[in-house]
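Printed here is my_file-v5.cif (mmCIF, N, CA and C atoms):
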data_protein
#
loop_
_atom_site.group_PDB
_atom_site.id
_atom_site.type_symbol
_atom_site.label_atom_id
_atom_site.label_comp_id
_atom_site.auth_asym_id
_atom_site.auth_seq_id
_atom_site.Cartn_x
_atom_site.Cartn_y
_atom_site.Cartn_z
ATOM 1 N N MET K 140 11.576 0.227 -6.484
ATOM 2 C CA MET K 140 12.037 1.407 -5.783
ATOM 3 C C MET K 140 11.505 2.672 -6.450
ATOM 4 N N ARG K 141 11.398 2.663 -7.756
ATOM 5 C CA ARG K 141 10.924 3.835 -8.468
ATOM 6 C C ARG K 141 9.496 4.190 -8.067
ATOM 7 N N ALA K 142 8.640 3.202 -7.897
ATOM 8 C CA ALA K 142 7.258 3.467 -7.498
ATOM 9 C C ALA K 142 7.220 4.105 -6.113
ATOM 10 N N THR K 143 8.037 3.623 -5.199
ATOM 11 C CA THR K 143 8.076 4.186 -3.855
ATOM 12 C C THR K 143 8.510 5.645 -3.894
ATOM 13 N N ALA K 144 9.520 5.938 -4.684
ATOM 14 C CA ALA K 144 9.988 7.319 -4.802
ATOM 15 C C ALA K 144 8.907 8.210 -5.415
ATOM 16 N N SER K 145 8.204 7.705 -6.398
ATOM 17 C CA SER K 145 7.150 8.486 -7.042
ATOM 18 C C SER K 145 5.987 8.757 -6.100
ATOM 19 N N VAL K 146 5.590 7.743 -5.340
ATOM 20 C CA VAL K 146 4.502 7.927 -4.377
ATOM 21 C C VAL K 146 4.938 8.898 -3.280
ATOM 22 N N ALA K 147 6.163 8.768 -2.814
ATOM 23 C CA ALA K 147 6.666 9.675 -1.782
ATOM 24 C C ALA K 147 6.665 11.117 -2.293
ATOM 25 N N GLN K 148 7.083 11.309 -3.526
ATOM 26 C CA GLN K 148 7.078 12.647 -4.119
ATOM 27 C C GLN K 148 5.654 13.174 -4.237
ATOM 28 N N LEU K 149 4.735 12.308 -4.605
ATOM 29 C CA LEU K 149 3.326 12.683 -4.705
ATOM 30 C C LEU K 149 2.788 13.150 -3.353
ATOM 31 N N LEU K 150 3.122 12.409 -2.307
ATOM 32 C CA LEU K 150 2.669 12.770 -0.963
ATOM 33 C C LEU K 150 3.303 14.073 -0.485
ATOM 34 N N ARG K 151 4.562 14.278 -0.819
ATOM 35 C CA ARG K 151 5.230 15.527 -0.425
ATOM 36 C C ARG K 151 4.548 16.742 -1.041
ATOM 37 N N GLY K 152 4.012 16.563 -2.235
ATOM 38 C CA GLY K 152 3.443 17.687 -2.962
ATOM 39 C C GLY K 152 1.988 18.000 -2.666
ATOM 40 N N SER K 153 1.319 17.158 -1.872
ATOM 41 C CA SER K 153 -0.110 17.377 -1.652
ATOM 42 C C SER K 153 -0.506 17.105 -0.204
ATOM 43 N N ALA K 154 -0.904 18.151 0.490
ATOM 44 C CA ALA K 154 -1.367 17.985 1.876
ATOM 45 C C ALA K 154 -2.643 17.146 1.912
ATOM 46 N N GLU K 155 -3.483 17.296 0.912
ATOM 47 C CA GLU K 155 -4.731 16.525 0.856
ATOM 48 C C GLU K 155 -4.447 15.028 0.737
ATOM 49 N N LEU K 156 -3.508 14.657 -0.132
ATOM 50 C CA LEU K 156 -3.152 13.243 -0.269
ATOM 51 C C LEU K 156 -2.472 12.716 0.990
ATOM 52 N N ARG K 157 -1.681 13.562 1.651
ATOM 53 C CA ARG K 157 -1.059 13.129 2.908
ATOM 54 C C ARG K 157 -2.115 12.831 3.964
ATOM 55 N N ARG K 158 -3.132 13.676 4.067
ATOM 56 C CA ARG K 158 -4.225 13.420 5.018
ATOM 57 C C ARG K 158 -4.970 12.140 4.667
ATOM 58 N N PHE K 159 -5.229 11.961 3.376
ATOM 59 C CA PHE K 159 -5.919 10.752 2.910
ATOM 60 C C PHE K 159 -5.080 9.510 3.213
ATOM 61 N N PHE K 160 -3.790 9.589 2.935
ATOM 62 C CA PHE K 160 -2.867 8.492 3.202
ATOM 63 C C PHE K 160 -2.861 8.144 4.695
ATOM 64 N N LYS K 161 -2.774 9.150 5.534
ATOM 65 C CA LYS K 161 -2.755 8.924 6.982
ATOM 66 C C LYS K 161 -4.061 8.283 7.449
ATOM 67 N N ALA K 162 -5.183 8.765 6.945
ATOM 68 C CA ALA K 162 -6.485 8.183 7.319
ATOM 69 C C ALA K 162 -6.567 6.713 6.896
ATOM 70 N N CYS K 163 -6.079 6.417 5.713
ATOM 71 C CA CYS K 163 -6.079 5.021 5.243
ATOM 72 C C CYS K 163 -5.173 4.155 6.116
ATOM 73 N N CYS K 164 -4.007 4.683 6.476
ATOM 74 C CA CYS K 164 -3.079 3.932 7.326
ATOM 75 C C CYS K 164 -3.685 3.658 8.694
ATOM 76 N N GLU K 165 -4.413 4.629 9.222
ATOM 77 C CA GLU K 165 -5.038 4.453 10.528
ATOM 78 C C GLU K 165 -6.183 3.448 10.470
ATOM 79 N N ALA K 166 -6.793 3.283 9.301
ATOM 80 C CA ALA K 166 -7.873 2.307 9.137
ATOM 81 C C ALA K 166 -7.328 0.892 8.957
ATOM 82 N N GLY K 167 -6.108 0.763 8.434
ATOM 83 C CA GLY K 167 -5.499 -0.549 8.287
ATOM 84 C C GLY K 167 -4.951 -0.799 6.891
ATOM 85 N N ALA K 168 -4.200 -1.878 6.772
ATOM 86 C CA ALA K 168 -3.537 -2.209 5.516
ATOM 87 C C ALA K 168 -4.532 -2.507 4.398
ATOM 88 N N LEU K 169 -5.622 -3.155 4.726
ATOM 89 C CA LEU K 169 -6.599 -3.469 3.686
ATOM 90 C C LEU K 169 -7.234 -2.205 3.125
ATOM 91 N N ARG K 170 -7.509 -1.242 3.981
ATOM 92 C CA ARG K 170 -8.054 0.036 3.516
ATOM 93 C C ARG K 170 -7.041 0.750 2.632
ATOM 94 N N LEU K 171 -5.788 0.747 3.041
ATOM 95 C CA LEU K 171 -4.743 1.399 2.254
ATOM 96 C C LEU K 171 -4.622 0.736 0.887
ATOM 97 N N ARG K 172 -4.620 -0.575 0.866
ATOM 98 C CA ARG K 172 -4.529 -1.295 -0.409
ATOM 99 C C ARG K 172 -5.755 -1.050 -1.272
ATOM 100 N N ALA K 173 -6.927 -0.983 -0.643
ATOM 101 C CA ALA K 173 -8.161 -0.777 -1.402
ATOM 102 C C ALA K 173 -8.206 0.599 -2.051
ATOM 103 N N GLN K 174 -7.522 1.561 -1.494
ATOM 104 C CA GLN K 174 -7.531 2.916 -2.036
ATOM 105 C C GLN K 174 -6.310 3.229 -2.900
ATOM 106 N N SER K 175 -5.458 2.246 -3.100
ATOM 107 C CA SER K 175 -4.220 2.495 -3.849
ATOM 108 C C SER K 175 -4.475 2.902 -5.293
ATOM 109 N N TRP K 176 -5.615 2.532 -5.836
ATOM 110 C CA TRP K 176 -5.926 2.922 -7.214
ATOM 111 C C TRP K 176 -5.972 4.447 -7.358
ATOM 112 N N GLN K 177 -6.360 5.136 -6.299
ATOM 113 C CA GLN K 177 -6.425 6.591 -6.382
ATOM 114 C C GLN K 177 -5.030 7.212 -6.523
ATOM 115 N N PHE K 178 -4.073 6.626 -5.808
ATOM 116 C CA PHE K 178 -2.696 7.096 -5.921
ATOM 117 C C PHE K 178 -2.143 6.761 -7.308
ATOM 118 N N ARG K 179 -2.467 5.562 -7.797
ATOM 119 C CA ARG K 179 -2.028 5.162 -9.137
ATOM 120 C C ARG K 179 -2.597 6.115 -10.187
ATOM 121 N N ASP K 180 -3.884 6.433 -10.068
ATOM 122 C CA ASP K 180 -4.508 7.332 -11.036
ATOM 123 C C ASP K 180 -3.903 8.732 -10.987
ATOM 124 N N GLU K 181 -3.590 9.202 -9.798
ATOM 125 C CA GLU K 181 -2.959 10.512 -9.659
ATOM 126 C C GLU K 181 -1.583 10.516 -10.326
ATOM 127 N N LEU K 182 -0.838 9.439 -10.145
ATOM 128 C CA LEU K 182 0.472 9.333 -10.798
ATOM 129 C C LEU K 182 0.318 9.252 -12.315
ATOM 130 N N ARG K 183 -0.700 8.545 -12.782
ATOM 131 C CA ARG K 183 -0.930 8.450 -14.231
ATOM 132 C C ARG K 183 -1.230 9.823 -14.830
ATOM 133 N N GLU K 184 -1.990 10.631 -14.095
ATOM 134 C CA GLU K 184 -2.282 11.984 -14.572
ATOM 135 C C GLU K 184 -1.008 12.805 -14.707
ATOM 136 N N ARG K 185 -0.003 12.437 -13.947
ATOM 137 C CA ARG K 185 1.285 13.137 -13.997
ATOM 138 C C ARG K 185 2.264 12.471 -14.957
ATOM 139 N N GLY K 186 1.785 11.427 -15.664
ATOM 140 C CA GLY K 186 2.614 10.782 -16.681
ATOM 141 C C GLY K 186 3.454 9.614 -16.190
ATOM 142 N N GLU K 187 3.183 9.119 -15.001
ATOM 143 C CA GLU K 187 3.928 7.976 -14.467
ATOM 144 C C GLU K 187 3.002 6.770 -14.379
ATOM 145 N N TRP K 188 3.407 5.681 -14.994
ATOM 146 C CA TRP K 188 2.570 4.473 -15.071
ATOM 147 C C TRP K 188 3.188 3.350 -14.254
ATOM 148 N N PHE K 189 2.408 2.816 -13.308
ATOM 149 C CA PHE K 189 2.846 1.697 -12.474
ATOM 150 C C PHE K 189 1.710 0.699 -12.341
ATOM 151 N N GLU K 190 2.069 -0.562 -12.163
ATOM 152 C CA GLU K 190 1.072 -1.582 -11.857
ATOM 153 C C GLU K 190 0.509 -1.289 -10.469
ATOM 154 N N LEU K 191 -0.733 -1.687 -10.267
ATOM 155 C CA LEU K 191 -1.379 -1.432 -8.977
ATOM 156 C C LEU K 191 -0.621 -2.108 -7.836
ATOM 157 N N SER K 192 -0.109 -3.309 -8.071
ATOM 158 C CA SER K 192 0.625 -4.013 -7.013
ATOM 159 C C SER K 192 1.876 -3.246 -6.582
ATOM 160 N N LYS K 193 2.515 -2.560 -7.524
ATOM 161 C CA LYS K 193 3.703 -1.760 -7.182
ATOM 162 C C LYS K 193 3.310 -0.563 -6.306
ATOM 163 N N ILE K 194 2.169 0.029 -6.605
ATOM 164 C CA ILE K 194 1.692 1.156 -5.800
ATOM 165 C C ILE K 194 1.321 0.676 -4.402
ATOM 166 N N GLU K 195 0.662 -0.484 -4.315
ATOM 167 C CA GLU K 195 0.303 -1.042 -3.008
ATOM 168 C C GLU K 195 1.556 -1.275 -2.167
ATOM 169 N N ASP K 196 2.560 -1.890 -2.761
ATOM 170 C CA ASP K 196 3.817 -2.139 -2.041
ATOM 171 C C ASP K 196 4.471 -0.822 -1.609
ATOM 172 N N ALA K 197 4.449 0.158 -2.487
ATOM 173 C CA ALA K 197 5.051 1.449 -2.165
ATOM 174 C C ALA K 197 4.332 2.105 -0.989
ATOM 175 N N LEU K 198 3.009 2.077 -1.003
ATOM 176 C CA LEU K 198 2.243 2.684 0.083
ATOM 177 C C LEU K 198 2.517 1.991 1.417
ATOM 178 N N LEU K 199 2.588 0.666 1.402
ATOM 179 C CA LEU K 199 2.873 -0.062 2.643
ATOM 180 C C LEU K 199 4.292 0.211 3.134
ATOM 181 N N THR K 200 5.219 0.322 2.205
ATOM 182 C CA THR K 200 6.604 0.636 2.575
ATOM 183 C C THR K 200 6.687 2.018 3.218
ATOM 184 N N ILE K 201 6.033 2.983 2.617
ATOM 185 C CA ILE K 201 6.041 4.338 3.167
ATOM 186 C C ILE K 201 5.342 4.370 4.523
ATOM 187 N N ALA K 202 4.257 3.629 4.643
ATOM 188 C CA ALA K 202 3.551 3.571 5.935
ATOM 189 C C ALA K 202 4.475 3.051 7.032
ATOM 190 N N ARG K 203 5.262 2.022 6.724
ATOM 191 C CA ARG K 203 6.188 1.471 7.717
ATOM 192 C C ARG K 203 7.248 2.487 8.126
ATOM 193 N N GLU K 204 7.652 3.317 7.175
ATOM 194 C CA GLU K 204 8.718 4.281 7.445
ATOM 195 C C GLU K 204 8.225 5.525 8.181
ATOM 196 N N VAL K 205 7.088 6.073 7.759
ATOM 197 C CA VAL K 205 6.677 7.371 8.311
ATOM 198 C C VAL K 205 5.571 7.289 9.353
ATOM 199 N N LEU K 206 4.795 6.209 9.344
ATOM 200 C CA LEU K 206 3.720 6.043 10.327
ATOM 201 C C LEU K 206 3.790 4.637 10.932
ATOM 202 N N PRO K 207 4.887 4.314 11.609
ATOM 203 C CA PRO K 207 5.096 2.940 12.068
ATOM 204 C C PRO K 207 4.095 2.434 13.104
ATOM 205 N N GLU K 208 3.394 3.328 13.760
ATOM 206 C CA GLU K 208 2.452 2.914 14.806
ATOM 207 C C GLU K 208 1.046 2.649 14.272
ATOM 208 N N THR K 209 0.816 2.912 12.999
ATOM 209 C CA THR K 209 -0.520 2.719 12.431
ATOM 210 C C THR K 209 -0.753 1.242 12.092
ATOM 211 N N PRO K 210 -2.009 0.834 12.038
ATOM 212 C CA PRO K 210 -2.310 -0.555 11.671
ATOM 213 C C PRO K 210 -1.769 -0.951 10.297
ATOM 214 N N ALA K 211 -1.749 -0.031 9.347
ATOM 215 C CA ALA K 211 -1.227 -0.361 8.017
ATOM 216 C C ALA K 211 0.255 -0.719 8.068
ATOM 217 N N ALA K 212 0.992 -0.068 8.939
ATOM 218 C CA ALA K 212 2.427 -0.330 9.051
ATOM 219 C C ALA K 212 2.706 -1.672 9.710
ATOM 220 N N GLN K 213 1.732 -2.207 10.387
ATOM 221 C CA GLN K 213 1.906 -3.475 11.086
ATOM 222 C C GLN K 213 1.718 -4.680 10.164
ATOM 223 N N TRP K 214 1.320 -4.428 8.917
ATOM 224 C CA TRP K 214 1.096 -5.510 7.951
ATOM 225 C C TRP K 214 2.384 -6.300 7.765
ATOM 226 N N ASP K 215 2.284 -7.589 7.931
ATOM 227 C CA ASP K 215 3.445 -8.466 7.810
ATOM 228 C C ASP K 215 3.273 -9.338 6.565
ATOM 229 N N ARG K 216 4.059 -9.057 5.546
ATOM 230 C CA ARG K 216 3.942 -9.798 4.287
ATOM 231 C C ARG K 216 4.212 -11.287 4.465
ATOM 232 N N ASP K 217 5.209 -11.622 5.262
ATOM 233 C CA ASP K 217 5.556 -13.032 5.450
ATOM 234 C C ASP K 217 4.409 -13.787 6.118
ATOM 235 N N TRP K 218 3.810 -13.177 7.119
ATOM 236 C CA TRP K 218 2.677 -13.808 7.792
ATOM 237 C C TRP K 218 1.525 -14.002 6.811
ATOM 238 N N ALA K 219 1.229 -12.983 6.018
ATOM 239 C CA ALA K 219 0.138 -13.076 5.047
ATOM 240 C C ALA K 219 0.425 -14.155 4.004
ATOM 241 N N ARG K 220 1.660 -14.249 3.558
ATOM 242 C CA ARG K 220 2.042 -15.268 2.579
ATOM 243 C C ARG K 220 1.836 -16.667 3.156
ATOM 244 N N GLU K 221 2.259 -16.858 4.392
ATOM 245 C CA GLU K 221 2.078 -18.152 5.042
ATOM 246 C C GLU K 221 0.602 -18.485 5.227
ATOM 247 N N LEU K 222 -0.174 -17.500 5.612
ATOM 248 C CA LEU K 222 -1.606 -17.688 5.793
ATOM 249 C C LEU K 222 -2.269 -18.116 4.482
ATOM 250 N N CYS K 223 -1.920 -17.454 3.402
ATOM 251 C CA CYS K 223 -2.473 -17.818 2.095
ATOM 252 C C CYS K 223 -1.993 -19.189 1.643
ATOM 253 N N ARG K 224 -0.753 -19.494 1.876
ATOM 254 C CA ARG K 224 -0.210 -20.799 1.496
ATOM 255 C C ARG K 224 -0.942 -21.914 2.243
ATOM 256 N N ASP K 225 -1.172 -21.714 3.534
ATOM 257 C CA ASP K 225 -1.903 -22.713 4.313
ATOM 258 C C ASP K 225 -3.329 -22.881 3.803
ATOM 259 N N ALA K 226 -3.982 -21.775 3.491
ATOM 260 C CA ALA K 226 -5.364 -21.845 2.987
ATOM 261 C C ALA K 226 -5.420 -22.571 1.660
ATOM 262 N N LEU K 227 -4.484 -22.300 0.766
ATOM 263 C CA LEU K 227 -4.458 -22.979 -0.536
ATOM 264 C C LEU K 227 -4.158 -24.458 -0.374
ATOM 265 N N ALA K 228 -3.287 -24.802 0.572
ATOM 266 C CA ALA K 228 -2.968 -26.216 0.803
ATOM 267 C C ALA K 228 -4.195 -26.957 1.314
ATOM 268 N N ARG K 229 -4.946 -26.334 2.196
ATOM 269 C CA ARG K 229 -6.172 -26.966 2.719
ATOM 270 C C ARG K 229 -7.209 -27.135 1.622
ATOM 271 N N MET K 230 -7.319 -26.146 0.755
ATOM 272 C CA MET K 230 -8.269 -26.257 -0.349
ATOM 273 C C MET K 230 -7.856 -27.376 -1.303
ATOM 274 N N ALA K 231 -6.572 -27.517 -1.548
ATOM 275 C CA ALA K 231 -6.073 -28.562 -2.443
ATOM 276 C C ALA K 231 -6.333 -29.957 -1.863
ATOM 277 N N GLU K 232 -6.281 -30.075 -0.546
ATOM 278 C CA GLU K 232 -6.547 -31.367 0.090
ATOM 279 C C GLU K 232 -7.984 -31.812 -0.113
ATOM 280 N N ARG K 233 -8.874 -30.883 -0.222
ATOM 281 C CA ARG K 233 -10.297 -31.224 -0.341
ATOM 282 C C ARG K 233 -10.693 -31.239 -1.780
#
Would you mind writing the file's structure down as structure tokens?
Amino acid sequence: MRATASVAQLLRGSAELRRFFKACCEAGALRLRAQSWQFRDELRERGEWFELSKIEDALLTIAREVLPETPAAQWDRDWARELCRDALARMAER
């Protein structure tokens, strides 16, 4: 929860980051996740340290709340988990 609050505060304070965030959300969840390092680095410059996975989760959570119609907000963690589990099971069979 702390990472989400920190990212939200970061977005509130910067119109440039809000535009970047929106553009990433409109491109999709993979684009948003791929650019999450920039948000992490910005937070680090402000003295807040988070794992990249926490920042990715925070960005996706915020996308679902504030931009629900964007492709990034449509990311379904459960579906992705099942997809990966099936792929790993098939690889293990071979």
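Separating atom N of Leu199 of chain K from atom C of Ala212 of chain K is a distance of 8.6 Å.
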Could you tell me which of K:Cys164, K:Ala154, K:Leu149, K:Ile201 comes closest to Glu184 of chain K if we count only C-alpha atoms? K:Leu149
Interatomic distance, atom CA of Ser175 of chain K to atom C of Arg220 of chain K (Å, one decimal): 21.3 Å
DSSP on the backbone, alpha helix (DSSP H) only: what residues of chain K does that give? Format it as a PyMOL selection string. chain K and resi 141-152+154-166+168-173+175-184+191-205+216-232
Nearest to Gln213 of chain K: which of K:Phe160, K:Val146, K:Gly167, K:Arg183 is it, counting only N, CA and C atoms? K:Gly167
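Atom pair atom C of Phe178 of chain K / atom CA of Ala211 of chain K has a distance of 16.9 Å (rounded to one decimal).
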If you count only C-alpha atoms, which residues fall within 9 Å of Ala197 of chain K, apart from same-chain ones fewer than 6 positions away, as a PyMOL selection string? chain K and resi 140-147
Could you name the residues that touch Arg179 of chain K at 7 Å or less, counting all atoms listed in the file, but leaving out those on the same chain fewer than 5 positions away, as number ranges by chain? K: 174, 184, 189, 191, 194
I'd like to know which of K:Leu198, K:Leu150, K:Leu169, K:Ala226 is closest to Pro210 of chain K, using all atoms listed in the file.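 Counting all atoms listed in the file, the residue closest to Pro210 of chain K is K:Leu169.
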Report as a JSON list (two decimals) with N, CA and C atoms, in the coordinates of the input the residues that result from applying the PyMOL selection byres (((chain K and resi 162 and name CA) around 12) and name CA) to the structure here.
[["chain", "number", "residue", "atom", "x", "y", "z"],
["K", 155, "GLU", "N", -3.48, 17.30, 0.91],
["K", 155, "GLU", "CA", -4.73, 16.52, 0.86],
["K", 155, "GLU", "C", -4.45, 15.03, 0.74],
["K", 156, "LEU", "N", -3.51, 14.66, -0.13],
["K", 156, "LEU", "CA", -3.15, 13.24, -0.27],
["K", 156, "LEU", "C", -2.47, 12.72, 0.99],
["K", 157, "ARG", "N", -1.68, 13.56, 1.65],
["K", 157, "ARG", "CA", -1.06, 13.13, 2.91],
["K", 157, "ARG", "C", -2.12, 12.83, 3.96],
["K", 158, "ARG", "N", -3.13, 13.68, 4.07],
["K", 158, "ARG", "CA", -4.22, 13.42, 5.02],
["K", 158, "ARG", "C", -4.97, 12.14, 4.67],
["K", 159, "PHE", "N", -5.23, 11.96, 3.38],
["K", 159, "PHE", "CA", -5.92, 10.75, 2.91],
["K", 159, "PHE", "C", -5.08, 9.51, 3.21],
["K", 160, "PHE", "N", -3.79, 9.59, 2.94],
["K", 160, "PHE", "CA", -2.87, 8.49, 3.20],
["K", 160, "PHE", "C", -2.86, 8.14, 4.70],
["K", 161, "LYS", "N", -2.77, 9.15, 5.53],
["K", 161, "LYS", "CA", -2.76, 8.92, 6.98],
["K", 161, "LYS", "C", -4.06, 8.28, 7.45],
["K", 163, "CYS", "N", -6.08, 6.42, 5.71],
["K", 163, "CYS", "CA", -6.08, 5.02, 5.24],
["K", 163, "CYS", "C", -5.17, 4.16, 6.12],
["K", 164, "CYS", "N", -4.01, 4.68, 6.48],
["K", 164, "CYS", "CA", -3.08, 3.93, 7.33],
["K", 164, "CYS", "C", -3.68, 3.66, 8.69],
["K", 165, "GLU", "N", -4.41, 4.63, 9.22],
["K", 165, "GLU", "CA", -5.04, 4.45, 10.53],
["K", 165, "GLU", "C", -6.18, 3.45, 10.47],
["K", 166, "ALA", "N", -6.79, 3.28, 9.30],
["K", 166, "ALA", "CA", -7.87, 2.31, 9.14],
["K", 166, "ALA", "C", -7.33, 0.89, 8.96],
["K", 167, "GLY", "N", -6.11, 0.76, 8.43],
["K", 167, "GLY", "CA", -5.50, -0.55, 8.29],
["K", 167, "GLY", "C", -4.95, -0.80, 6.89],
["K", 168, "ALA", "N", -4.20, -1.88, 6.77],
["K", 168, "ALA", "CA", -3.54, -2.21, 5.52],
["K", 168, "ALA", "C", -4.53, -2.51, 4.40],
["K", 170, "ARG", "N", -7.51, -1.24, 3.98],
["K", 170, "ARG", "CA", -8.05, 0.04, 3.52],
["K", 170, "ARG", "C", -7.04, 0.75, 2.63],
["K", 171, "LEU", "N", -5.79, 0.75, 3.04],
["K", 171, "LEU", "CA", -4.74, 1.40, 2.25],
["K", 171, "LEU", "C", -4.62, 0.74, 0.89],
["K", 174, "GLN", "N", -7.52, 1.56, -1.49],
["K", 174, "GLN", "CA", -7.53, 2.92, -2.04],
["K", 174, "GLN", "C", -6.31, 3.23, -2.90],
["K", 202, "ALA", "N", 4.26, 3.63, 4.64],
["K", 202, "ALA", "CA", 3.55, 3.57, 5.94],
["K", 202, "ALA", "C", 4.47, 3.05, 7.03],
["K", 206, "LEU", "N", 4.80, 6.21, 9.34],
["K", 206, "LEU", "CA", 3.72, 6.04, 10.33],
["K", 206, "LEU", "C", 3.79, 4.64, 10.93],
["K", 209, "THR", "N", 0.82, 2.91, 13.00],
["K", 209, "THR", "CA", -0.52, 2.72, 12.43],
["K", 209, "THR", "C", -0.75, 1.24, 12.09],
["K", 210, "PRO", "N", -2.01, 0.83, 12.04],
["K", 210, "PRO", "CA", -2.31, -0.56, 11.67],
["K", 210, "PRO", "C", -1.77, -0.95, 10.30],
["K", 211, "ALA", "N", -1.75, -0.03, 9.35],
["K", 211, "ALA", "CA", -1.23, -0.36, 8.02],
["K", 211, "ALA", "C", 0.26, -0.72, 8.07]]
